[in-house]
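Q: Sharing a structure, written as structure tokens. Questions coming.
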Amino acid sequence: MKWKSVTLHMNKPRKIGQDLYVYFRVMSMLMLGGVLFFAALGLLGYGQTKIANTTPTSSMKGLASAVSSQFFMDMLGMEMPYVQTDRSTFTFSQSNVSSFLFSLVTDLNWKDPKTFIAREVPGMSQDRIVVLRKGLQTGEDGPEDYGPKADVIPKNGEGGEGSITANPTAPPEVSEPTQPESKPLPPVAQPPRTAGRNVAFVYQSHNQESYLPELQGVKDPDKAYDPQTNVTKVGLRLAQKLEQEGIGAVHSDKNYPAIEKGFNYYYSYKYSLKTLQEASTSHPDLKFYFDIHRDSQRREKTTVRINGKDYAQIYFIIGGKNPNWKENEQFASQIHQTVEAKFPGISKGSFAKAGEGNGVYNQTFSANNILVEIGGVDNTLEECYRTADALAAAISEVILNVRKVNVQ
């Protein structure tokens, strides 16, 4: 009995020692894990800051724009008890933190299986949008492009094939008798010319994007497409007004669904790249390129009233996967600032997107190539023409004064 009692007394301190060892080992591992966790976050942040020069939508700025306000509220709640929310939906649960880190490192979301194949399937990649430059009315809403539903765009050649036309002169007619104030302006008397050179090219990658008020019997925003009445008319108006402002312009009204065999909407930028190449070959003086689109948002987010008239608002879109995106954004910024100074609130600013196609929107073709969305599905051509006129005035000022194009 004595021997057994001594053994029990000896085992008790040993057990306590083992428990302490395990405790300190676990605490050490947790502390080390915490240090490594925050070190990894710091390194990732540093690395993404370094690559932000080439991919703005994968920078920490882009990540922050994708994180919900609940995330930041829960972050505060860790230090401020009164800010804490329902623990069952707590952002910093093990599952949410793991998901956050996985998305940060891989740009994938394990709760959304399509992100694992999005890069391989046209049209499935996520449009990660980053605000690069704000306008007076830039809110939480960024540009949206849903694309047409199946069989919405006809491929039978309706509307003609289109062509590339230099020096367009006939302004489009405006068929809205209720707003007579928007009659086409008379040509400017002998404006400064770009020495007879055509330096601006206007085209439309999504040439059949249209506006519901112009389409009889169509109410569904997903069906706002037409082979004849579409954003091509807005692009033409812009080219015509550039001519009046003294900028030699070339316009393409190519109808891609009619001319591309086996047309696929998600290959639109491949089709328009050929148009850019053809235009630059035929007109070697071209230096500035404008891809005109229509946004998918509703009227309240795409319209501004200036001096008693409604204008379609503008989004400048920068290809987030273009390695030289800063040059394109600088060009867009100059136009944004100029048009905002003349028409406050007309521009929503510039945004980086890296979703559709190859994520560059043909902007590697030239540092002076930008995508401009004019209006949304509920705007009228009348409102878009007003905006095109304002945009042309701003573009001409940037080209002639800022970009210093020789006009002699």
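Chain lettering (A, B, ...) mirrors the order of the structure tokens, residue numbering begins at 1 for each chain separately, and ligand numbering begins at 1 in order of display.
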Please identify all polymer residues within 12 Å of A:Thr303, counting only C-alpha atoms, omitting same-chain residues fewer than 4 positions from it, and present them as a list in words.
A: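 Listing them by chain and then by number gives Gln137, Thr138, Asp295, Gln297, Arg298, Arg299, Lys309, Asp310, Tyr311, Ala312, Gln313, Ile314, Tyr315, Gly345, Ile346, Ser347, Lys348, Ile374, Gly375, Gly376, Val377, Asp378, Asn379, Thr380, Glu383, Cys384, Arg386 and Thr387 of chain A.
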Q: Need to verify the contact set: A:Leu276, 9 Å, only C-alpha atoms, exclusion of same-chain residues closer than 5 positions in sequence. Can you return it as a ChimeraX atom specification?
A: /A:201,203,281,289,362,365
Q: Take the residues from that selection and put them in a file with all heavy atoms, as a PDB file, in the first residue's frame.
A:
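Wrote it out as out-v4.pdb, contents follow:
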```
ATOM      1  N   PHE A 201     -10.885  57.835 -83.778  1.00  0.00           N
ATOM      2  CA  PHE A 201     -11.664  56.717 -84.306  1.00  0.00           C
ATOM      3  C   PHE A 201     -12.732  56.336 -83.295  1.00  0.00           C
ATOM      4  O   PHE A 201     -12.449  56.095 -82.120  1.00  0.00           O
ATOM      5  CB  PHE A 201     -10.764  55.513 -84.586  1.00  0.00           C
ATOM      6  CG  PHE A 201     -11.484  54.337 -85.197  1.00  0.00           C
ATOM      7  CD1 PHE A 201     -12.187  54.476 -86.382  1.00  0.00           C
ATOM      8  CD2 PHE A 201     -11.477  53.084 -84.588  1.00  0.00           C
ATOM      9  CE1 PHE A 201     -12.853  53.402 -86.960  1.00  0.00           C
ATOM     10  CE2 PHE A 201     -12.133  52.003 -85.139  1.00  0.00           C
ATOM     11  CZ  PHE A 201     -12.826  52.162 -86.334  1.00  0.00           C
ATOM     12  N   TYR A 203     -15.912  53.672 -82.499  1.00  0.00           N
ATOM     13  CA  TYR A 203     -16.473  52.375 -82.881  1.00  0.00           C
ATOM     14  C   TYR A 203     -17.303  51.829 -81.724  1.00  0.00           C
ATOM     15  O   TYR A 203     -17.351  52.431 -80.645  1.00  0.00           O
ATOM     16  CB  TYR A 203     -15.366  51.393 -83.269  1.00  0.00           C
ATOM     17  CG  TYR A 203     -14.423  51.025 -82.136  1.00  0.00           C
ATOM     18  CD1 TYR A 203     -14.447  49.755 -81.579  1.00  0.00           C
ATOM     19  CD2 TYR A 203     -13.485  51.931 -81.635  1.00  0.00           C
ATOM     20  CE1 TYR A 203     -13.586  49.393 -80.540  1.00  0.00           C
ATOM     21  CE2 TYR A 203     -12.618  51.585 -80.615  1.00  0.00           C
ATOM     22  CZ  TYR A 203     -12.670  50.320 -80.064  1.00  0.00           C
ATOM     23  OH  TYR A 203     -11.823  49.971 -79.043  1.00  0.00           O
ATOM     24  N   THR A 281      -4.799  50.845 -90.393  1.00  0.00           N
ATOM     25  CA  THR A 281      -4.098  50.612 -91.658  1.00  0.00           C
ATOM     26  C   THR A 281      -4.580  51.584 -92.724  1.00  0.00           C
ATOM     27  O   THR A 281      -3.779  52.150 -93.480  1.00  0.00           O
ATOM     28  CB  THR A 281      -4.314  49.162 -92.137  1.00  0.00           C
ATOM     29  OG1 THR A 281      -3.796  48.266 -91.156  1.00  0.00           O
ATOM     30  CG2 THR A 281      -3.620  48.921 -93.469  1.00  0.00           C
ATOM     31  N   TYR A 289      -8.817  56.540 -79.739  1.00  0.00           N
ATOM     32  CA  TYR A 289      -9.824  55.526 -80.035  1.00  0.00           C
ATOM     33  C   TYR A 289     -10.891  55.511 -78.932  1.00  0.00           C
ATOM     34  O   TYR A 289     -10.567  55.490 -77.736  1.00  0.00           O
ATOM     35  CB  TYR A 289      -9.170  54.149 -80.142  1.00  0.00           C
ATOM     36  CG  TYR A 289      -8.042  54.105 -81.161  1.00  0.00           C
ATOM     37  CD1 TYR A 289      -6.739  54.469 -80.803  1.00  0.00           C
ATOM     38  CD2 TYR A 289      -8.283  53.720 -82.482  1.00  0.00           C
ATOM     39  CE1 TYR A 289      -5.711  54.439 -81.731  1.00  0.00           C
ATOM     40  CE2 TYR A 289      -7.258  53.691 -83.409  1.00  0.00           C
ATOM     41  CZ  TYR A 289      -5.968  54.056 -83.039  1.00  0.00           C
ATOM     42  OH  TYR A 289      -4.955  54.031 -83.954  1.00  0.00           O
ATOM     43  N   ASN A 362      -9.267  45.757 -75.514  1.00  0.00           N
ATOM     44  CA  ASN A 362      -8.459  46.243 -76.651  1.00  0.00           C
ATOM     45  C   ASN A 362      -7.637  47.476 -76.309  1.00  0.00           C
ATOM     46  O   ASN A 362      -7.135  48.153 -77.208  1.00  0.00           O
ATOM     47  CB  ASN A 362      -9.345  46.533 -77.871  1.00  0.00           C
ATOM     48  CG  ASN A 362      -9.953  45.275 -78.455  1.00  0.00           C
ATOM     49  OD1 ASN A 362      -9.398  44.189 -78.312  1.00  0.00           O
ATOM     50  ND2 ASN A 362     -11.094  45.411 -79.090  1.00  0.00           N
ATOM     51  N   PHE A 365      -4.020  48.143 -77.451  1.00  0.00           N
ATOM     52  CA  PHE A 365      -3.820  48.612 -78.824  1.00  0.00           C
ATOM     53  C   PHE A 365      -3.223  50.012 -78.844  1.00  0.00           C
ATOM     54  O   PHE A 365      -2.418  50.351 -79.704  1.00  0.00           O
ATOM     55  CB  PHE A 365      -5.155  48.595 -79.572  1.00  0.00           C
ATOM     56  CG  PHE A 365      -5.045  48.895 -81.039  1.00  0.00           C
ATOM     57  CD1 PHE A 365      -4.665  47.915 -81.937  1.00  0.00           C
ATOM     58  CD2 PHE A 365      -5.320  50.173 -81.529  1.00  0.00           C
ATOM     59  CE1 PHE A 365      -4.562  48.182 -83.299  1.00  0.00           C
ATOM     60  CE2 PHE A 365      -5.221  50.460 -82.880  1.00  0.00           C
ATOM     61  CZ  PHE A 365      -4.839  49.460 -83.767  1.00  0.00           C
TER      62      PHE A 365
END
```
Q: Using backbone DSSP assignments, extract all helix (DSSP H, G or I) residues from stretch 231-381 of chain A; output them as an NGL selection string.
A: :A and (231-244 or 256-259 or 265-282 or 299-301 or 325-342 or 381)
Q: Just the residues within 6 Å of A:Ser350, please, counting only C-alpha atoms, with nothing from its chain fewer than 2 positions along; format it as a PyMOL selection string.
A: chain A and resi 132-133+316-317
Q: Do you have the atom CA of A:Ile16-atom CA of A:Met29 distance handy?
A: 19.8 Å
Q: For each of A:Ser205, A:Ser272, A:Ser396, A:Asn307, take the minimum atom-to-atom distance to A:Gly248, counting only C-alpha atoms, then give the residue where this is smallest.
A: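 Selected residue with least distance to A:Gly248: A:Ser396.
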Q: Would you mind reading off the distance between atom CA of A:Ala40 and atom CA of A:Phe24, one decimal, in Å?
A: 23.7 Å
Q: Considering only C-alpha atoms, return as a list of chain:residue names whatever protein or nucleic-acid residues lie within 8 Å of A:Asp226, sequence-local ones (same chain, fewer than 4 positions apart) excluded.
A: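 So the residues in contact are A:Ile153, A:Gln208, A:Glu209, A:Ser210, A:Leu215, A:Asn230.
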Q: To one decimal place, how far is atom CA of A:Leu43 from atom CA of A:Met31 in Å?
A: 18.2 Å
